[in-house]
>>> print(open('input.cif').read())   # mmCIF, C-alpha atoms
data_my_file
#
loop_
_atom_site.group_PDB
_atom_site.id
_atom_site.type_symbol
_atom_site.label_atom_id
_atom_site.label_comp_id
_atom_site.auth_asym_id
_atom_site.auth_seq_id
_atom_site.Cartn_x
_atom_site.Cartn_y
_atom_site.Cartn_z
ATOM 1 C CA MET A 688 63.426 94.707 -122.203
ATOM 2 C CA ALA A 689 64.986 96.498 -125.168
ATOM 3 C CA ILE A 690 62.810 99.582 -124.748
ATOM 4 C CA ALA A 691 63.476 99.761 -121.003
ATOM 5 C CA ARG A 692 67.210 99.512 -121.635
ATOM 6 C CA SER A 693 67.036 102.240 -124.277
ATOM 7 C CA PHE A 694 65.352 104.633 -121.874
ATOM 8 C CA LEU A 695 67.866 103.696 -119.188
ATOM 9 C CA LEU A 696 70.679 104.555 -121.602
ATOM 10 C CA ALA A 697 68.998 107.808 -122.678
ATOM 11 C CA PHE A 698 68.694 109.011 -119.084
ATOM 12 C CA GLY A 699 71.912 107.436 -117.882
ATOM 13 C CA ARG A 700 75.316 108.962 -117.419
ATOM 14 C CA PRO A 701 76.509 110.903 -120.463
ATOM 15 C CA GLY A 702 78.649 108.980 -122.899
ATOM 16 C CA LYS A 703 79.155 107.819 -126.476
ATOM 17 C CA GLU A 704 76.427 105.144 -126.395
ATOM 18 C CA GLN A 705 73.882 107.630 -125.105
ATOM 19 C CA ARG A 706 74.869 110.242 -127.702
ATOM 20 C CA ASP A 707 74.771 107.665 -130.513
ATOM 21 C CA LEU A 708 71.321 106.442 -129.426
ATOM 22 C CA ILE A 709 69.898 109.950 -129.619
ATOM 23 C CA LEU A 710 71.905 111.449 -132.477
ATOM 24 C CA GLY A 711 73.027 108.541 -134.612
ATOM 25 C CA SER A 712 70.169 106.062 -134.635
ATOM 26 C CA ASP A 713 66.494 106.063 -135.579
ATOM 27 C CA TRP A 714 65.377 105.607 -131.969
ATOM 28 C CA LEU A 715 63.548 108.952 -131.800
ATOM 29 C CA GLU A 716 61.777 108.089 -135.052
ATOM 30 C CA ASP A 717 60.720 104.769 -133.525
ATOM 31 C CA LEU A 718 59.298 106.544 -130.460
ATOM 32 C CA ALA A 719 57.432 108.954 -132.744
ATOM 33 C CA SER A 720 56.003 106.102 -134.847
ATOM 34 C CA ARG A 721 54.568 104.526 -131.677
ATOM 35 C CA GLY A 722 52.905 107.822 -130.765
ATOM 36 C CA TRP A 723 54.946 108.287 -127.589
ATOM 37 C CA LEU A 724 56.585 111.572 -128.606
ATOM 38 C CA GLY A 725 53.205 113.218 -129.079
ATOM 39 C CA LYS A 726 53.687 116.054 -131.537
ATOM 40 C CA GLY A 727 57.459 115.960 -131.114
ATOM 41 C CA ASP A 728 59.374 115.897 -134.405
ATOM 42 C CA PRO A 729 62.636 113.926 -134.080
ATOM 43 C CA ARG A 730 64.436 116.318 -136.444
ATOM 44 C CA LYS A 731 63.442 119.319 -134.347
ATOM 45 C CA LEU A 732 64.313 117.535 -131.109
ATOM 46 C CA ARG A 733 67.839 116.925 -132.430
ATOM 47 C CA LYS A 734 68.276 120.532 -133.561
ATOM 48 C CA GLY A 735 71.174 122.283 -131.857
ATOM 49 C CA LEU A 736 72.364 119.215 -129.964
ATOM 50 C CA PRO A 737 76.137 119.072 -129.448
ATOM 51 C CA ARG A 738 78.138 116.437 -131.313
ATOM 52 C CA ASP A 739 81.483 116.876 -129.588
ATOM 53 C CA PRO A 740 81.841 114.309 -126.744
ATOM 54 C CA GLY A 741 82.897 116.903 -124.173
ATOM 55 C CA GLU A 742 80.111 119.276 -125.122
ATOM 56 C CA TRP A 743 77.604 116.413 -125.012
ATOM 57 C CA GLU A 744 78.701 115.498 -121.495
ATOM 58 C CA SER A 745 78.349 119.123 -120.343
ATOM 59 C CA PHE A 746 74.937 119.351 -122.023
ATOM 60 C CA VAL A 747 73.594 116.301 -120.171
ATOM 61 C CA LEU A 748 75.174 117.114 -116.806
ATOM 62 C CA SER A 749 73.987 120.734 -116.859
ATOM 63 C CA THR A 750 70.444 119.559 -117.545
ATOM 64 C CA PHE A 751 70.104 116.813 -114.948
ATOM 65 C CA ASP A 752 72.951 116.807 -112.454
ATOM 66 C CA VAL A 753 74.571 120.220 -111.955
ATOM 67 C CA GLY A 754 73.069 123.587 -111.112
ATOM 68 C CA PHE A 755 72.288 125.977 -108.294
ATOM 69 C CA PRO A 756 70.105 125.701 -106.329
ATOM 70 C CA ALA A 757 69.204 122.608 -108.383
ATOM 71 C CA PRO A 758 69.741 121.284 -111.924
ATOM 72 C CA GLN A 759 67.307 122.399 -114.623
ATOM 73 C CA VAL A 760 65.496 119.059 -114.452
ATOM 74 C CA PRO A 761 66.422 116.881 -111.465
ATOM 75 C CA LEU A 762 65.708 113.223 -112.226
ATOM 76 C CA ILE A 763 64.820 112.535 -108.604
ATOM 77 C CA GLU A 764 61.363 111.484 -107.441
ATOM 78 C CA THR A 765 61.524 113.356 -104.104
ATOM 79 C CA HIS A 766 62.277 116.643 -105.898
ATOM 80 C CA TYR A 767 58.704 116.577 -107.255
ATOM 81 C CA LEU A 768 57.093 115.266 -104.072
ATOM 82 C CA LYS A 769 53.994 117.218 -103.040
ATOM 83 C CA GLU A 770 52.739 114.807 -100.394
ATOM 84 C CA GLY A 771 54.471 112.389 -98.089
ATOM 85 C CA SER A 772 57.888 112.340 -96.550
ATOM 86 C CA PRO A 773 61.096 112.221 -98.659
ATOM 87 C CA PRO A 774 62.795 109.756 -96.255
ATOM 88 C CA GLU A 775 59.782 107.435 -96.528
ATOM 89 C CA VAL A 776 59.859 107.581 -100.342
ATOM 90 C CA LEU A 777 63.595 106.867 -100.392
ATOM 91 C CA HIS A 778 63.124 103.975 -97.965
ATOM 92 C CA GLU A 779 60.267 102.511 -100.014
ATOM 93 C CA ASN A 780 62.433 102.546 -103.158
ATOM 94 C CA ILE A 781 65.156 100.689 -101.251
ATOM 95 C CA LEU A 782 62.645 98.134 -99.945
ATOM 96 C CA TYR A 783 61.452 97.394 -103.478
ATOM 97 C CA TYR A 784 65.041 96.870 -104.610
ATOM 98 C CA LYS A 785 65.909 94.629 -101.666
ATOM 99 C CA ALA A 786 62.776 92.517 -102.141
ATOM 100 C CA PHE A 787 64.263 91.363 -105.464
ATOM 101 C CA GLY A 788 67.871 91.081 -104.306
ATOM 102 C CA CYS A 789 69.028 94.480 -105.602
ATOM 103 C CA GLU A 790 71.255 96.975 -103.804
ATOM 104 C CA LEU A 791 72.784 100.293 -104.746
ATOM 105 C CA ALA A 792 76.496 100.079 -105.397
ATOM 106 C CA GLU A 793 78.586 101.307 -102.495
ATOM 107 C CA GLY A 794 79.590 104.898 -103.100
ATOM 108 C CA ASP A 795 76.946 105.494 -105.783
ATOM 109 C CA PRO A 796 76.309 109.262 -105.705
ATOM 110 C CA ASP A 797 72.703 109.017 -106.911
ATOM 111 C CA ASN A 798 69.728 108.852 -104.539
ATOM 112 C CA PRO A 799 67.756 105.582 -104.474
ATOM 113 C CA ASP A 800 64.844 107.459 -106.087
ATOM 114 C CA HIS A 801 66.926 108.638 -109.053
ATOM 115 C CA LEU A 802 65.452 107.747 -112.449
ATOM 116 C CA ARG A 803 68.614 105.802 -113.331
ATOM 117 C CA HIS A 804 68.048 103.437 -110.416
ATOM 118 C CA GLN A 805 64.312 103.211 -110.968
ATOM 119 C CA LEU A 806 64.724 102.306 -114.649
ATOM 120 C CA GLY A 807 67.516 99.856 -113.813
ATOM 121 C CA PHE A 808 65.180 98.152 -111.354
ATOM 122 C CA LEU A 809 62.447 98.047 -113.982
ATOM 123 C CA VAL A 810 64.823 96.257 -116.363
ATOM 124 C CA ILE A 811 65.474 93.639 -113.672
ATOM 125 C CA LEU A 812 61.746 93.172 -113.033
ATOM 126 C CA CYS A 813 61.149 92.660 -116.765
ATOM 127 C CA TRP A 814 63.945 90.093 -116.861
ATOM 128 C CA LEU A 815 62.491 88.245 -113.861
ATOM 129 C CA GLU A 816 59.004 88.437 -115.333
ATOM 130 C CA SER A 817 60.266 86.810 -118.508
ATOM 131 C CA GLY A 818 60.999 83.723 -116.424
ATOM 132 C CA ALA A 819 64.665 83.710 -117.441
ATOM 133 C CA GLY A 820 66.179 81.596 -114.711
ATOM 134 C CA ALA A 821 63.433 82.472 -112.233
ATOM 135 C CA PRO A 822 60.727 80.207 -110.809
ATOM 136 C CA PRO A 823 57.103 80.968 -111.789
ATOM 137 C CA ALA A 824 56.325 82.456 -108.370
ATOM 138 C CA THR A 825 59.140 84.989 -108.818
ATOM 139 C CA ALA A 826 57.880 85.907 -112.277
ATOM 140 C CA ARG A 827 54.382 86.510 -110.853
ATOM 141 C CA SER A 828 55.816 88.605 -108.015
ATOM 142 C CA ALA A 829 57.887 90.644 -110.488
ATOM 143 C CA ARG A 830 54.802 91.295 -112.633
ATOM 144 C CA ALA A 831 52.832 92.560 -109.632
ATOM 145 C CA ALA A 832 55.768 94.607 -108.343
ATOM 146 C CA ARG A 833 56.510 96.350 -111.628
ATOM 147 C CA LYS A 834 52.896 97.531 -111.982
ATOM 148 C CA GLU A 835 52.847 98.884 -108.452
ATOM 149 C CA PHE A 836 56.351 100.353 -108.735
ATOM 150 C CA VAL A 837 55.552 102.108 -112.024
ATOM 151 C CA GLU A 838 52.395 103.628 -110.529
ATOM 152 C CA ARG A 839 53.905 104.655 -107.194
ATOM 153 C CA HIS A 840 57.460 105.586 -108.122
ATOM 154 C CA LEU A 841 57.604 106.578 -111.794
ATOM 155 C CA LEU A 842 54.273 107.865 -113.061
ATOM 156 C CA SER A 843 53.826 109.789 -109.815
ATOM 157 C CA TRP A 844 56.548 112.285 -110.784
ATOM 158 C CA LEU A 845 57.524 111.924 -114.459
ATOM 159 C CA PRO A 846 54.695 114.171 -115.772
ATOM 160 C CA ASN A 847 55.958 117.011 -113.537
ATOM 161 C CA ALA A 848 59.550 116.407 -114.640
ATOM 162 C CA ALA A 849 58.449 116.497 -118.295
ATOM 163 C CA ARG A 850 56.664 119.820 -117.770
ATOM 164 C CA GLN A 851 59.722 121.257 -116.041
ATOM 165 C CA ALA A 852 61.938 120.047 -118.894
ATOM 166 C CA GLU A 853 59.644 121.695 -121.442
ATOM 167 C CA ARG A 854 59.964 125.010 -119.600
ATOM 168 C CA LYS A 855 63.655 124.976 -118.715
ATOM 169 C CA ALA A 856 65.652 122.572 -120.886
ATOM 170 C CA HIS A 857 66.349 121.659 -124.505
ATOM 171 C CA PRO A 858 63.149 120.342 -126.202
ATOM 172 C CA LEU A 859 64.747 116.892 -126.507
ATOM 173 C CA TRP A 860 64.391 116.179 -122.807
ATOM 174 C CA GLY A 861 60.757 117.195 -122.454
ATOM 175 C CA GLY A 862 59.957 115.010 -125.467
ATOM 176 C CA LEU A 863 61.854 112.027 -124.073
ATOM 177 C CA LEU A 864 60.310 112.326 -120.614
ATOM 178 C CA GLN A 865 56.858 112.471 -122.236
ATOM 179 C CA ALA A 866 57.744 109.408 -124.318
ATOM 180 C CA LEU A 867 58.914 107.534 -121.232
ATOM 181 C CA ARG A 868 55.680 108.389 -119.416
ATOM 182 C CA ALA A 869 53.596 107.293 -122.423
ATOM 183 C CA TRP A 870 55.476 103.997 -122.754
ATOM 184 C CA LEU A 871 55.144 103.203 -119.039
ATOM 185 C CA ALA A 872 51.415 103.905 -119.057
ATOM 186 C CA GLU A 873 50.828 101.862 -122.211
ATOM 187 C CA GLU A 874 53.062 98.892 -121.507
ATOM 188 C CA PHE A 875 52.867 98.398 -117.761
ATOM 189 C CA LEU A 876 49.503 99.554 -116.491
ATOM 190 C CA PRO A 877 46.663 98.136 -118.636
ATOM 191 C CA GLU A 878 45.078 95.225 -116.795
ATOM 192 C CA ASP A 879 44.215 93.535 -120.054
ATOM 193 C CA ALA A 880 47.680 93.934 -121.596
ATOM 194 C CA GLU A 881 49.084 90.764 -123.038
ATOM 195 C CA ALA A 882 51.647 89.113 -120.804
ATOM 196 C CA GLY A 883 55.172 89.791 -121.865
ATOM 197 C CA ARG A 884 54.570 93.004 -123.840
ATOM 198 C CA CYS A 885 57.428 94.688 -121.976
ATOM 199 C CA PHE A 886 59.771 92.332 -123.806
ATOM 200 C CA GLU A 887 58.837 93.750 -127.196
ATOM 201 C CA THR A 888 61.871 94.893 -129.186
#
>>> encode(input="input.cif", output="structure tokens")
Amino acid sequence: MAIARSFLLAFGRPGKEQRDLILGSDWLEDLASRGWLGKGDPRKLRKGLPRDPGEWESFVLSTFDVGFPAPQVPLIETHYLKEGSPPEVLHENILYYKAFGCELAEGDPDNPDHLRHQLGFLVILCWLESGAGAPPATARSARAARKEFVERHLLSWLPNAARQAERKAHPLWGGLLQALRAWLAEEFLPEDAEAGRCFET
């Protein structure tokens, strides 16, 4: 679950922990060593990033949350939807969450298909799959659900978001979205993957 939580923090609301993960730790180097950053060089990805807390917050918000007519890189599945109905996609995300006892907090400004919610749900599925306090049937259901959810509601749009980030945003974000896509494909989709690999630290 550590990797899932790290990505959740990296694409979460701007703050000190997020900034420290990206600027003050060797997390990018770890992603590069696993081959998930592709040709991305952690030193180059950090180049020009703000260190001041207020500037960091503005940097993150202006990339993902604020802009007209839309942010540079919306982290919302329905923004990249080419087929299907946005209300149906939103409803399907909610149904997945409810099936495992999850609900969006009242007053949460983010759509149900926002990457923050999708990664948060993935963390919960990994926890349930680990069997921590859950019966075996729940762990099996979580394993099946996370594969389907990753295919239908993460890998369906993250490649497009990564390409948009590469064109419009700081190189960091295109690299991280590519790394997230690579991790999801490697860790959650292979049929012959060893059980429990998503709990690797």
>>> closest_residue(input="input.cif", among="A:Ile811, A:Leu748, A:Lys769, A:Trp723", to="Leu871 (chain A)", atoms="all atoms listed in the file")
A:Trp723
>>> residues_around(input="input.cif", residues="region 778-789 of chain A", least_positions_apart="2", cutoff="7 Å", atoms="all atoms listed in the file", output="list in words")
Pro774, Glu775, Val776, Leu791, Pro799, Asp800 and Phe808 of chain A
>>> write_last_selection(input="input.cif", atoms="C-alpha atoms", output="PDB file, keeping the file's coordinate frame")
ATOM      1  CA  PRO A 774      62.795 109.756 -96.255  1.00  0.00           C
ATOM      2  CA  GLU A 775      59.782 107.435 -96.528  1.00  0.00           C
ATOM      3  CA  VAL A 776      59.859 107.581-100.342  1.00  0.00           C
ATOM      4  CA  LEU A 791      72.784 100.293-104.746  1.00  0.00           C
ATOM      5  CA  PRO A 799      67.756 105.582-104.474  1.00  0.00           C
ATOM      6  CA  ASP A 800      64.844 107.459-106.087  1.00  0.00           C
ATOM      7  CA  PHE A 808      65.180  98.152-111.354  1.00  0.00           C
TER       8      PHE A 808
END
>>> closest_atom_pairs(input="input.cif", of="region 783-834 of chain A", to="region 700-720 of chain A", cutoff="12 Å", atoms="all atoms listed in the file", output="JSON lines")
{"residue": "A:Pro796", "atom": "CA", "partner": "A:Arg700", "partner_atom": "CA", "distance": 11.8}
{"residue": "A:Asp797", "atom": "CA", "partner": "A:Arg700", "partner_atom": "CA", "distance": 10.8}
{"residue": "A:His801", "atom": "CA", "partner": "A:Arg700", "partner_atom": "CA", "distance": 11.9}
{"residue": "A:Leu802", "atom": "CA", "partner": "A:Arg700", "partner_atom": "CA", "distance": 11.1}
{"residue": "A:Arg803", "atom": "CA", "partner": "A:Arg700", "partner_atom": "CA", "distance": 8.5}
{"residue": "A:His804", "atom": "CA", "partner": "A:Arg700", "partner_atom": "CA", "distance": 11.5}
>>> closest_residue(input="input.cif", among="A:Phe698, A:Phe875, A:Tyr767, A:Trp870", to="Phe751 (chain A)", atoms="all atoms listed in the file")
A:Phe698
>>> resolve_selection(input="input.cif", expression="the PyMOL selection byres ((chain A and resi 726) around 12)", output="short mmCIF file (atom, residue, chain, number, x, y, z; two decimals) with C-alpha atoms, keeping the file's coordinate frame")
data_model
loop_
_atom_site.label_atom_id
_atom_site.label_comp_id
_atom_site.auth_asym_id
_atom_site.auth_seq_id
_atom_site.Cartn_x
_atom_site.Cartn_y
_atom_site.Cartn_z
CA GLU A 716 61.78 108.09 -135.05
CA LEU A 718 59.30 106.54 -130.46
CA ALA A 719 57.43 108.95 -132.74
CA SER A 720 56.00 106.10 -134.85
CA ARG A 721 54.57 104.53 -131.68
CA GLY A 722 52.90 107.82 -130.76
CA TRP A 723 54.95 108.29 -127.59
CA LEU A 724 56.58 111.57 -128.61
CA GLY A 725 53.20 113.22 -129.08
CA GLY A 727 57.46 115.96 -131.11
CA ASP A 728 59.37 115.90 -134.40
CA PRO A 729 62.64 113.93 -134.08
CA ARG A 730 64.44 116.32 -136.44
CA LYS A 731 63.44 119.32 -134.35
CA LEU A 732 64.31 117.54 -131.11
CA PRO A 858 63.15 120.34 -126.20
CA GLY A 861 60.76 117.20 -122.45
CA GLY A 862 59.96 115.01 -125.47
CA LEU A 863 61.85 112.03 -124.07
CA GLN A 865 56.86 112.47 -122.24
CA ALA A 866 57.74 109.41 -124.32
#
>>> resolve_selection(input="input.cif", expression="the PyMOL selection byres ((chain A and resi 810) around 9)", output="list in words")
Met688, Ala689, Ala691, Arg692, Leu695, Gln805, Leu806, Gly807, Phe808, Leu809, Ile811, Leu812, Cys813, Trp814 and Leu815 of chain A
>>> closest_residue(input="input.cif", among="A:Trp860, A:Glu874, A:Leu867, A:Gln759", to="Leu736 (chain A)", atoms="all atoms listed in the file")
A:Trp860
>>> build_atoms(input="input.cif", residues="region 860-880 of chain A", atoms="N, CA and C atoms", output="tab-separated table (two decimals), in the frame of the given file")
chain	number	residue	atom	x	y	z
A	860	TRP	N	64.62	116.85	-124.09
A	860	TRP	CA	64.39	116.18	-122.81
A	860	TRP	C	62.92	116.16	-122.42
A	861	GLY	N	62.20	117.23	-122.70
A	861	GLY	CA	60.76	117.20	-122.45
A	861	GLY	C	60.09	116.14	-123.30
A	862	GLY	N	60.51	116.03	-124.58
A	862	GLY	CA	59.96	115.01	-125.47
A	862	GLY	C	60.25	113.60	-124.99
A	863	LEU	N	61.49	113.37	-124.53
A	863	LEU	CA	61.85	112.03	-124.07
A	863	LEU	C	61.16	111.66	-122.76
A	864	LEU	N	61.02	112.62	-121.86
A	864	LEU	CA	60.31	112.33	-120.61
A	864	LEU	C	58.83	112.05	-120.89
A	865	GLN	N	58.24	112.76	-121.85
A	865	GLN	CA	56.86	112.47	-122.24
A	865	GLN	C	56.76	111.08	-122.86
A	866	ALA	N	57.74	110.73	-123.69
A	866	ALA	CA	57.74	109.41	-124.32
A	866	ALA	C	57.88	108.31	-123.28
A	867	LEU	N	58.75	108.52	-122.30
A	867	LEU	CA	58.91	107.53	-121.23
A	867	LEU	C	57.61	107.36	-120.46
A	868	ARG	N	56.96	108.46	-120.12
A	868	ARG	CA	55.68	108.39	-119.42
A	868	ARG	C	54.64	107.63	-120.25
A	869	ALA	N	54.58	107.95	-121.55
A	869	ALA	CA	53.60	107.29	-122.42
A	869	ALA	C	53.87	105.80	-122.53
A	870	TRP	N	55.13	105.42	-122.66
A	870	TRP	CA	55.48	104.00	-122.75
A	870	TRP	C	55.11	103.26	-121.47
A	871	LEU	N	55.45	103.85	-120.32
A	871	LEU	CA	55.14	103.20	-119.04
A	871	LEU	C	53.65	102.99	-118.88
A	872	ALA	N	52.86	104.02	-119.21
A	872	ALA	CA	51.42	103.90	-119.06
A	872	ALA	C	50.84	102.85	-120.00
A	873	GLU	N	51.36	102.80	-121.21
A	873	GLU	CA	50.83	101.86	-122.21
A	873	GLU	C	51.26	100.43	-121.94
A	874	GLU	N	52.51	100.25	-121.58
A	874	GLU	CA	53.06	98.89	-121.51
A	874	GLU	C	52.91	98.23	-120.15
A	875	PHE	N	52.81	99.00	-119.09
A	875	PHE	CA	52.87	98.40	-117.76
A	875	PHE	C	51.59	98.49	-116.96
A	876	LEU	N	50.68	99.37	-117.33
A	876	LEU	CA	49.50	99.55	-116.49
A	876	LEU	C	48.23	98.86	-116.95
A	877	PRO	N	47.96	98.73	-118.25
A	877	PRO	CA	46.66	98.14	-118.64
A	877	PRO	C	46.48	96.73	-118.06
A	878	GLU	N	45.35	96.53	-117.40
A	878	GLU	CA	45.08	95.22	-116.80
A	878	GLU	C	44.93	94.13	-117.85
A	879	ASP	N	44.47	94.53	-119.03
A	879	ASP	CA	44.22	93.54	-120.05
A	879	ASP	C	45.37	93.41	-121.04
A	880	ALA	N	46.53	94.03	-120.69
A	880	ALA	CA	47.68	93.93	-121.60
A	880	ALA	C	48.14	92.49	-121.70
